[in-house]
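Enquirer: The structure file start-v8.csv (CSV, C-alpha atoms) is provided below.
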chain,number,residue,atom,x,y,z
Q,1,MET,CA,90.8,97.7,120.3
Q,2,LYS,CA,91.2,100.5,122.8
Q,3,SER,CA,89.9,104.1,122.0
Q,4,ALA,CA,93.4,105.5,121.8
Q,5,GLU,CA,94.4,102.8,119.3
Q,6,ARG,CA,91.3,103.4,117.3
Q,7,SER,CA,92.0,107.1,117.1
Q,8,ALA,CA,95.5,106.4,115.9
Q,9,VAL,CA,94.3,103.9,113.2
Q,10,ALA,CA,91.4,106.1,111.9
Q,11,PRO,CA,93.6,108.7,110.0
Q,12,ARG,CA,95.5,105.9,108.2
Q,13,GLY,CA,92.2,104.2,107.4
Q,14,ARG,CA,90.9,107.4,105.8
Q,15,LEU,CA,94.2,107.8,103.9
Q,16,TRP,CA,94.0,104.2,102.6
Q,17,ALA,CA,90.3,104.8,101.6
Q,18,LEU,CA,91.4,107.9,99.5
Q,19,ILE,CA,94.2,105.9,97.9
Q,20,ALA,CA,91.8,103.0,97.2
Q,21,VAL,CA,89.2,105.1,95.4
Q,22,LEU,CA,91.7,107.2,93.4
Q,23,PRO,CA,92.1,104.8,90.5
Q,24,PHE,CA,88.4,104.4,90.1
Q,25,VAL,CA,87.8,108.2,90.0
Q,26,THR,CA,90.7,108.6,87.6
Q,27,ALA,CA,89.4,105.8,85.3
Q,28,THR,CA,85.9,107.2,85.4
Q,29,ALA,CA,87.1,110.7,84.4
Q,30,VAL,CA,89.3,109.3,81.6
Q,31,VAL,CA,86.5,107.2,80.1
Q,32,ALA,CA,84.1,110.1,80.3
Q,33,GLY,CA,86.7,112.3,78.6
Q,34,VAL,CA,87.3,109.9,75.8
Q,35,TYR,CA,83.6,109.5,75.3
Q,36,THR,CA,83.1,113.2,75.1
Q,37,SER,CA,85.9,113.6,72.5
Q,38,VAL,CA,84.6,110.9,70.2
Q,39,SER,CA,80.8,110.8,70.8
Q,40,ALA,CA,80.0,112.5,67.5
Q,41,ARG,CA,81.8,109.8,65.5
Q,42,LEU,CA,80.4,106.7,67.4
Q,43,PRO,CA,78.1,104.3,65.6
Q,44,ASP,CA,75.0,103.0,67.4
Q,45,PRO,CA,75.1,100.2,68.4
Q,46,LEU,CA,78.7,99.9,69.4
Q,47,ALA,CA,80.9,96.8,68.8
Q,48,THR,CA,81.6,95.8,72.4
Q,49,HIS,CA,82.5,92.1,72.4
Q,50,PHE,CA,85.1,90.3,70.4
Q,51,GLY,CA,86.0,86.7,69.7
Q,52,ALA,CA,89.4,85.0,69.8
Q,53,ALA,CA,90.2,86.2,66.3
Q,54,GLY,CA,89.5,89.8,67.3
Q,55,ARG,CA,86.3,90.0,65.2
Q,56,VAL,CA,83.2,91.6,66.7
Q,57,ASP,CA,80.6,89.1,68.0
Q,58,GLY,CA,78.5,91.4,70.3
Q,59,TYR,CA,77.0,94.8,70.3
Q,60,SER,CA,75.6,97.3,72.8
Q,61,SER,CA,73.9,100.7,72.6
Q,62,VAL,CA,76.2,103.7,73.1
Q,63,HIS,CA,74.5,104.9,76.3
Q,64,GLY,CA,74.1,101.4,77.6
Q,65,PHE,CA,77.9,100.7,77.2
Q,66,LEU,CA,78.9,104.0,78.7
Q,67,THR,CA,76.5,103.7,81.7
Q,68,GLY,CA,77.6,100.1,82.4
Q,69,CYS,CA,81.3,101.1,82.4
Q,70,LEU,CA,80.8,104.1,84.7
Q,71,VAL,CA,78.5,102.2,87.1
Q,72,VAL,CA,81.0,99.4,87.4
Q,73,LEU,CA,83.8,101.8,88.2
Q,74,LEU,CA,81.9,103.9,90.6
Q,75,VAL,CA,80.3,100.9,92.5
Q,76,LEU,CA,83.6,99.0,92.8
Q,77,GLY,CA,85.4,102.2,93.9
Q,78,THR,CA,82.8,103.1,96.5
Q,79,GLY,CA,82.7,99.6,97.8
Q,80,LEU,CA,86.5,99.2,98.1
Q,81,GLY,CA,86.8,102.7,99.8
Q,82,LEU,CA,84.2,101.8,102.4
Q,83,LEU,CA,85.7,98.4,103.0
Q,84,VAL,CA,89.2,99.8,103.5
Q,85,GLN,CA,88.0,102.6,105.8
Q,86,ARG,CA,85.9,100.4,108.0
Q,87,GLN,CA,88.2,97.4,108.6
Q,88,GLU,CA,91.2,97.3,110.8
Q,89,PRO,CA,94.6,97.8,109.0
Q,90,SER,CA,96.2,94.7,107.8
Q,91,ALA,CA,98.3,93.2,105.0
Q,92,GLY,CA,95.0,92.1,103.3
Q,93,THR,CA,94.0,95.8,103.1
Q,94,LEU,CA,97.1,96.6,101.1
Q,95,TRP,CA,96.5,93.8,98.6
Q,96,ALA,CA,92.9,94.8,98.2
Q,97,ILE,CA,94.0,98.2,97.2
Q,98,ALA,CA,96.5,96.7,94.7
Q,99,VAL,CA,93.7,94.6,93.2
Q,100,GLY,CA,91.5,97.7,93.0
Q,101,TYR,CA,94.1,99.6,91.1
Q,102,ALA,CA,94.6,96.7,88.7
Q,103,THR,CA,90.8,96.3,88.2
Q,104,ALA,CA,90.2,100.1,87.6
Q,105,ALA,CA,93.1,100.3,85.1
Q,106,GLY,CA,92.0,97.2,83.2
Q,107,VAL,CA,88.4,98.2,82.9
Q,108,GLY,CA,89.3,101.8,82.1
Q,109,TYR,CA,91.8,100.8,79.4
Q,110,LEU,CA,89.4,98.3,77.7
Q,111,SER,CA,86.5,100.8,77.8
Q,112,CYS,CA,88.6,103.6,76.2
Q,113,LEU,CA,90.0,101.1,73.6
Q,114,THR,CA,86.4,100.1,72.7
Q,115,LEU,CA,85.3,103.7,72.3
Q,116,LEU,CA,88.3,104.7,70.2
Q,117,GLY,CA,88.1,101.6,68.0
Q,118,ASN,CA,84.4,102.3,67.2
Q,119,ALA,CA,85.1,105.9,66.5
Q,120,ALA,CA,87.8,105.0,64.0
Q,121,ALA,CA,85.6,102.6,62.0
Q,122,THR,CA,82.9,103.6,59.6
Q,123,ASP,CA,80.9,100.5,60.5
Q,124,ALA,CA,80.8,98.8,63.9
Q,125,SER,CA,81.1,95.4,62.2
Q,126,ALA,CA,84.5,96.4,60.9
Q,127,VAL,CA,85.9,97.1,64.4
Q,128,ARG,CA,88.8,94.7,65.4
Q,129,LEU,CA,90.4,94.0,68.7
Q,130,PRO,CA,93.7,92.3,68.1
Q,131,LEU,CA,94.8,89.7,70.7
Q,132,TRP,CA,97.9,91.7,71.5
Q,133,GLN,CA,95.7,94.4,72.9
Q,134,ALA,CA,94.5,92.0,75.6
Q,135,ALA,CA,98.1,91.4,76.6
Q,136,VAL,CA,98.6,95.2,76.8
Q,137,ALA,CA,95.5,95.5,79.0
Q,138,LEU,CA,96.9,92.8,81.3
Q,139,GLY,CA,100.2,94.7,81.4
Q,140,VAL,CA,98.5,98.0,82.2
Q,141,ALA,CA,96.5,96.3,85.0
Q,142,LEU,CA,99.6,94.7,86.5
Q,143,ALA,CA,101.5,97.9,86.4
Q,144,ALA,CA,98.6,99.8,88.1
Q,145,GLY,CA,98.4,97.1,90.7
Q,146,ALA,CA,102.1,97.4,91.5
Q,147,LEU,CA,101.6,101.2,91.8
Q,148,GLY,CA,98.7,100.7,94.2
Q,149,ARG,CA,100.6,98.3,96.4
Q,150,LEU,CA,103.5,100.8,96.5
Q,151,LEU,CA,101.2,103.8,97.4
Q,152,ALA,CA,99.5,101.8,100.2
Q,153,GLY,CA,102.8,101.4,102.1
Q,154,ARG,CA,103.2,98.9,104.9
Q,155,ALA,CA,100.6,97.4,107.3
Q,156,PRO,CA,101.2,98.0,111.0
Q,157,ARG,CA,102.2,94.9,112.9
Q,158,PRO,CA,100.4,94.3,116.2
Q,159,PRO,CA,102.4,95.3,119.2
Q,160,ARG,CA,104.4,92.6,120.9
Q,161,PRO,CA,104.7,92.5,124.7
Q,162,ALA,CA,108.1,93.4,126.1
Q,163,ALA,CA,110.3,90.5,127.0
Q,164,GLY,CA,109.9,89.5,130.6
Q,165,ASP,CA,106.2,90.6,130.8
Q,166,ALA,CA,104.9,87.2,129.9
Q,167,PRO,CA,102.9,85.6,132.8
Q,168,ARG,CA,103.9,82.6,134.9
Q,169,LEU,CA,101.8,80.1,136.7
Q,170,ASP,CA,102.4,79.6,140.4
Q,171,LEU,CA,103.1,75.9,140.3
Q,172,PRO,CA,104.9,74.2,143.2
Q,173,ALA,CA,108.3,72.8,142.5
Q,174,GLY,CA,108.1,69.2,141.1
Q,175,ALA,CA,104.3,69.5,140.5
Q,176,THR,CA,102.9,69.1,137.0
Q,177,ALA,CA,99.7,70.4,135.5
Q,178,GLY,CA,97.9,70.4,132.2
Q,179,TRP,CA,95.5,72.7,130.4
Q,180,SER,CA,93.1,71.9,127.6
Q,181,ARG,CA,90.3,73.7,125.7
Q,182,THR,CA,88.3,73.1,122.6
Q,183,ILE,CA,88.0,75.7,119.8
Q,184,SER,CA,85.7,75.6,116.8
Q,185,THR,CA,84.1,77.9,114.2
Q,186,PRO,CA,80.5,77.4,113.2
Q,187,PRO,CA,80.9,78.9,109.6
Q,188,LEU,CA,83.5,76.4,108.7
Q,189,VAL,CA,81.4,73.6,110.2
Q,190,VAL,CA,78.5,74.7,108.0
Q,191,LEU,CA,80.7,74.9,105.0
Q,192,GLY,CA,82.1,71.4,105.5
Q,193,VAL,CA,78.7,69.9,106.0
Q,194,LEU,CA,77.3,71.6,102.9
Q,195,THR,CA,80.2,70.5,100.8
Q,196,ALA,CA,79.9,66.9,102.0
Q,197,CYS,CA,76.1,67.1,101.3
Q,198,GLY,CA,76.8,68.4,97.8
Q,199,GLY,CA,79.2,65.4,97.3
Q,200,LEU,CA,76.5,63.0,98.3
Q,201,VAL,CA,74.0,64.6,95.9
Q,202,LEU,CA,76.5,64.2,93.0
Q,203,LEU,CA,77.2,60.6,94.0
Q,204,THR,CA,73.5,59.7,93.9
Q,205,SER,CA,73.1,61.5,90.5
Q,206,GLY,CA,75.9,59.5,88.9
Q,207,SER,CA,78.9,62.0,89.1
Q,208,ALA,CA,81.2,59.7,91.0
Q,209,ILE,CA,84.5,61.5,90.7
Q,210,ALA,CA,83.1,65.0,91.5
Q,211,GLY,CA,81.0,63.5,94.3
Q,212,VAL,CA,83.9,61.7,96.0
Q,213,ALA,CA,86.0,64.9,95.7
Q,214,LEU,CA,83.4,67.1,97.3
Q,215,LEU,CA,82.6,64.4,100.0
Q,216,LEU,CA,86.3,64.1,100.9
Q,217,SER,CA,86.8,67.9,100.9
Q,218,GLY,CA,83.8,68.4,103.2
Q,219,ALA,CA,84.9,65.7,105.5
Q,220,ALA,CA,88.4,67.2,105.7
Q,221,ALA,CA,87.0,70.6,106.3
Q,222,ALA,CA,84.7,69.4,109.1
Q,223,ALA,CA,87.6,67.5,110.7
Q,224,VAL,CA,89.7,70.6,111.3
Q,225,THR,CA,86.8,72.9,112.3
Q,226,ALA,CA,87.0,71.8,116.0
Q,227,MET,CA,90.4,71.4,117.7
Q,228,ARG,CA,91.5,70.3,121.1
Q,229,VAL,CA,94.3,72.6,122.3
Q,230,THR,CA,96.4,71.0,125.1
Q,231,VAL,CA,99.3,72.5,127.1
Q,232,ASP,CA,101.5,70.3,129.3
Q,233,ARG,CA,105.1,69.7,130.1
Q,234,ARG,CA,105.8,68.6,126.5
Q,235,GLY,CA,104.5,71.8,124.9
Q,236,LEU,CA,101.4,72.7,123.0
Q,237,THR,CA,99.4,70.2,121.0
Q,238,LEU,CA,96.6,70.6,118.5
Q,239,ALA,CA,94.4,67.6,117.8
Q,240,PRO,CA,91.2,67.4,115.7
Q,241,LEU,CA,88.3,66.8,118.0
Q,242,LEU,CA,86.5,64.5,115.6
Q,243,LEU,CA,89.6,62.3,115.3
Q,244,SER,CA,90.6,62.3,118.9
Q,245,ALA,CA,89.6,58.6,119.3
Q,246,PHE,CA,92.4,57.8,116.9
Q,247,ARG,CA,95.0,59.9,118.7
Q,248,ILE,CA,95.7,61.9,115.6
Q,249,ARG,CA,97.6,65.1,116.2
Q,250,PHE,CA,97.3,68.1,113.8
Q,251,ARG,CA,100.5,69.8,115.2
Q,252,ARG,CA,102.7,69.7,118.2
Q,253,ILE,CA,105.2,72.4,119.2
Q,254,PRO,CA,107.6,71.2,121.9
Q,255,LEU,CA,109.1,73.4,124.6
Q,256,ALA,CA,112.5,73.2,122.9
Q,257,ARG,CA,111.1,75.3,120.0
Q,258,MET,CA,109.6,78.0,122.2
Q,259,SER,CA,111.3,81.0,123.7
Q,260,GLU,CA,108.3,82.6,125.3
Q,261,ALA,CA,104.5,82.5,125.4
Q,262,THR,CA,102.1,85.4,125.7
Q,263,SER,CA,98.4,86.1,125.1
Q,264,ARG,CA,96.5,88.9,123.4
Q,265,PRO,CA,93.3,89.5,121.4
Q,266,ILE,CA,93.5,88.9,117.7
Q,267,SER,CA,91.4,89.8,114.7
Q,268,VAL,CA,91.0,86.9,112.3
Q,269,PHE,CA,90.4,88.9,109.1
Q,270,ALA,CA,92.5,92.0,109.9
Q,271,GLU,CA,95.6,90.0,110.9
Q,272,PHE,CA,95.3,86.7,109.0
Q,273,GLY,CA,92.7,87.2,106.3
Q,274,GLY,CA,90.3,84.5,107.3
Q,275,TRP,CA,89.6,81.4,109.4
Q,276,GLY,CA,91.7,78.2,109.4
Q,277,TYR,CA,95.4,77.4,109.4
Q,278,ARG,CA,97.0,80.6,108.2
Q,279,VAL,CA,100.6,81.5,107.2
Q,280,ARG,CA,101.8,85.1,107.1
Q,281,PRO,CA,105.2,86.7,107.0
Q,282,GLY,CA,106.8,86.1,110.4
Q,283,ARG,CA,103.9,84.2,111.8
Q,284,SER,CA,101.4,81.3,111.3
Q,285,GLY,CA,98.7,79.7,113.4
Q,286,LEU,CA,95.3,78.2,113.8
Q,287,VAL,CA,92.8,81.0,114.0
Q,288,LEU,CA,89.1,79.8,114.1
Q,289,ARG,CA,87.7,83.0,115.6
Q,290,SER,CA,88.7,86.5,116.8
Q,291,GLY,CA,89.4,87.1,120.5
Q,292,ASP,CA,91.9,85.8,123.0
Q,293,ALA,CA,94.8,83.8,121.6
Q,294,VAL,CA,98.0,82.1,122.7
Q,295,VAL,CA,101.0,83.7,121.0
Q,296,LEU,CA,104.2,81.6,121.0
Q,297,ARG,CA,107.5,83.2,120.2
Q,298,LEU,CA,109.5,80.5,118.6
Q,299,THR,CA,113.3,80.1,118.7
Q,300,SER,CA,113.2,80.7,114.9
Q,301,GLY,CA,112.0,84.2,115.5
Q,302,ARG,CA,108.5,83.5,114.1
Q,303,GLU,CA,105.2,83.5,116.0
Q,304,PHE,CA,102.6,80.8,116.2
Q,305,VAL,CA,99.1,81.9,117.2
Q,306,VAL,CA,96.2,79.8,118.4
Q,307,SER,CA,92.8,81.5,119.1
Q,308,VAL,CA,91.4,80.0,122.2
Q,309,ASP,CA,89.6,80.9,125.5
Q,310,ASP,CA,91.6,81.3,128.7
Q,311,ALA,CA,94.7,81.9,126.6
Q,312,ALA,CA,96.5,83.7,129.5
Q,313,THR,CA,96.4,80.6,131.6
Q,314,ALA,CA,97.8,78.5,128.8
Q,315,ALA,CA,100.6,81.0,128.2
Q,316,ALA,CA,101.4,81.2,131.9
Q,317,LEU,CA,101.7,77.4,132.2
Q,318,LEU,CA,104.0,77.2,129.2
Q,319,ASN,CA,106.3,79.9,130.6
Q,320,THR,CA,106.5,78.0,133.9
Q,321,TYR,CA,107.6,74.8,132.1
Q,322,LEU,CA,110.0,76.9,130.0
Q,323,ASP,CA,111.6,78.3,133.2
Q,324,ARG,CA,111.9,74.8,134.6
Q,325,ALA,CA,113.6,73.5,131.4
Q,326,ARG,CA,116.0,76.4,131.4
Q,327,SER,CA,116.9,75.9,135.0
Q,328,GLN,CA,117.5,72.2,134.5
Q,329,GLN,CA,119.8,73.0,131.5
Q,330,GLY,CA,121.7,75.6,133.6
Q,331,GLY,CA,122.1,73.2,136.4
The structure given in the file should be rewritten as structure tokens.
Expert:
Amino acid sequence: MKSAERSAVAPRGRLWALIAVLPFVTATAVVAGVYTSVSARLPDPLATHFGAAGRVDGYSSVHGFLTGCLVVLLVLGTGLGLLVQRQEPSAGTLWAIAVGYATAAGVGYLSCLTLLGNAAATDASAVRLPLWQAAVALGVALAAGALGRLLAGRAPRPPRPAAGDAPRLDLPAGATAGWSRTISTPPLVVLGVLTACGGLVLLTSGSAIAGVALLLSGAAAAAVTAMRVTVDRRGLTLAPLLLSAFRIRFRRIPLARMSEATSRPISVFAEFGGWGYRVRPGRSGLVLRSGDAVVLRLTSGREFVVSVDDAATAAALLNTYLDRARSQQGG
């Protein structure tokens, strides 16, 4: 990201960080306030864990319970605030803020409910937590999450090149050309191998069903961690490299479904939330790393993105074939 873009994003990142930590600061203050108001009436130890029937089945010291609640709120709030401020703006940031609001509200509500319940009882063993209170806590958390999502606003969409600025390849009339590159992501390769190894261990230990499930999951993950990206007169094709001998295609997008091709740098986590085949509002794609990517504008109005080296050449070749197809249709 250029310096000018970074300077424009920084203020919003700081605002999101403030919004993200707000519920944790509020919950901490409320829990501390409730404790201060009822501390003289609290038994020690407190009833802090309840079974399905609402009866107490676990205890904790007053200071241990209070310290644990405050530490959880402060650590989660600080971590979320730093994460939101440091990462590039994205839809994932907004949902992280929403989850933070829900978590802070849920923890705060249950902490206050526990303190008030113990203060109202003469004996900690007599404290009850009815099941309907758990439903109320869930409702409070969901409402707070919705508020957090509303306060976070909208994530900025990456800029799209203006129409007509897409590159073309200087290809002589009647000549054809092809372009191909391989993309992969080592973290997913390692994950696939480890999952498959775990399946083999379970198989040898007698857990056949779980072993086969892990083995197949690992093999499937490894199969899509390396892709051959091909551009030719038919369009763009993605094929698993490990299955290339069987001529298996993962996906093909023909020229008829494209309106234009461009290239630009992408950020896997900021724009798509992780590696792999990702689907987002208005776009989808195979993103196995950050960096250069081919961006196809489809006739449906959506984008299809593939992270790959030398993306500009691939986009230029596709645009050349698109121009030819349009000229033939016009003729």
Enquirer: Mind pulling up the distance from CA of Leu147 (chain Q) to CA of Ala104 (chain Q)?
Expert: 12.2 Å
Enquirer: Please, what distance in Å, to one decimal, runs between CA of Leu131 (chain Q) and CA of Gly58 (chain Q)?
Expert: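 CA of Gly58 (chain Q) lies at a distance of 16.4 Å from CA of Leu131 (chain Q).
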Enquirer: Give me, as a ChimeraX atom specification, all polymer residues having an atom no more than 10 Å from Ala96 (chain Q), counting all atoms listed in the file and skipping those fewer than 5 positions away in the same chain.
Expert: /Q:20,80,83-84,91,101-102,145,148-149,152
Enquirer: I'd like to know which of Q:Gly77, Q:Pro43, Q:Pro23, Q:Gly273 is closest to Ala120 (chain Q), using all atoms listed in the file.
Expert: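 Of Q:Gly77, Q:Pro43, Q:Pro23, Q:Gly273, the one nearest Ala120 (chain Q) is Q:Pro43, counting all atoms listed in the file.
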Enquirer: Looking at Q:Phe250, Q:Tyr321, Q:Val38, Q:Leu171, which one is nearest to Ala121 (chain Q), with distances taken over only C-alpha atoms?
Expert: Q:Val38
Enquirer: Just the residues within 7 Å of region 110-117 of chain Q, please, counting only C-alpha atoms, with nothing from its chain fewer than 6 positions along; format it as a list in words.
Expert: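 In the requested format, the answer is Val31, Val34, Tyr35, Thr48, Cys69, Val127 and Ala137 of chain Q.
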Enquirer: So how many Å separate CA of Ala312 (chain Q) and CA of Arg257 (chain Q), to one decimal?
Expert: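 Atom-to-atom, CA of Ala312 (chain Q) to CA of Arg257 (chain Q), that is 19.3 Å.
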Enquirer: Which is closest to Ile253 (chain Q) among Q:Phe304, Q:Trp16, Q:Phe65, Q:Tyr277, if we use only C-alpha atoms?
Expert: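 Closest residue, counting only C-alpha atoms: Q:Phe304.
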Enquirer: Fewer than 4 positions away in the same chain doesn't count, so skip those; otherwise give me all residues within 10 Å of region 284-291 of chain Q, counting all atoms listed in the file, as a ChimeraX atom specification.
Expert: /Q:183-188,224-227,238,251,264-280,295-296,302-309,311
Enquirer: When distances are computed from only C-alpha atoms, which of Q:Ile209, Q:Leu66, Q:Leu214, Q:Leu169 shows the smallest separation from Thr313 (chain Q)?
Expert: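 Under the stated criterion, the closest residue is Q:Leu169.
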Enquirer: So, counting all atoms listed in the file, which residue among Q:Leu200, Q:Val193, Q:Leu255, Q:Ala17 is closest to Thr320 (chain Q)?
Expert: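 Comparing Q:Leu200, Q:Val193, Q:Leu255, Q:Ala17 against Thr320 (chain Q), the winner is Q:Leu255.
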Enquirer: Need to verify the contact set: Ala261 (chain Q), 7 Å, all atoms listed in the file, exclusion of same-chain residues closer than 3 positions in sequence. Can you return it as a list in words?
Expert: Ala166, Val295, Leu296, Arg297, Ala315, Leu318 and Asn319 of chain Q
Enquirer: Can region 114-128 of chain Q be brought up to N, CA and C atoms and written out as a CSV table (one decimal), in the frame of the given file?
Expert:
chain,number,residue,atom,x,y,z
Q,114,THR,N,87.7,100.4,73.4
Q,114,THR,CA,86.4,100.1,72.7
Q,114,THR,C,85.9,101.4,72.1
Q,115,LEU,N,85.8,102.4,72.8
Q,115,LEU,CA,85.3,103.7,72.3
Q,115,LEU,C,86.1,104.2,71.1
Q,116,LEU,N,87.4,104.2,71.3
Q,116,LEU,CA,88.3,104.7,70.2
Q,116,LEU,C,88.3,103.8,69.0
Q,117,GLY,N,88.2,102.5,69.2
Q,117,GLY,CA,88.1,101.6,68.0
Q,117,GLY,C,86.8,101.8,67.3
Q,118,ASN,N,85.7,102.0,67.9
Q,118,ASN,CA,84.4,102.3,67.2
Q,118,ASN,C,84.4,103.6,66.5
Q,119,ALA,N,85.1,104.6,67.1
Q,119,ALA,CA,85.1,105.9,66.5
Q,119,ALA,C,86.0,105.9,65.3
Q,120,ALA,N,86.9,105.1,65.2
Q,120,ALA,CA,87.8,105.0,64.0
Q,120,ALA,C,87.3,104.2,62.9
Q,121,ALA,N,86.2,103.5,63.1
Q,121,ALA,CA,85.6,102.6,62.0
Q,121,ALA,C,84.3,103.3,61.5
Q,122,THR,N,84.1,103.1,60.2
Q,122,THR,CA,82.9,103.6,59.6
Q,122,THR,C,81.7,102.7,59.9
Q,123,ASP,N,82.0,101.5,60.2
Q,123,ASP,CA,80.9,100.5,60.5
Q,123,ASP,C,81.3,99.7,61.7
Q,124,ALA,N,80.4,99.5,62.7
Q,124,ALA,CA,80.8,98.8,63.9
Q,124,ALA,C,81.2,97.4,63.6
Q,125,SER,N,80.7,96.8,62.6
Q,125,SER,CA,81.1,95.4,62.2
Q,125,SER,C,82.5,95.3,61.8
Q,126,ALA,N,83.1,96.4,61.4
Q,126,ALA,CA,84.5,96.4,60.9
Q,126,ALA,C,85.5,96.6,62.0
Q,127,VAL,N,85.0,96.8,63.3
Q,127,VAL,CA,85.9,97.1,64.4
Q,127,VAL,C,86.6,95.8,64.7
Q,128,ARG,N,87.9,95.9,65.0
Q,128,ARG,CA,88.8,94.7,65.4
Q,128,ARG,C,89.5,95.0,66.7
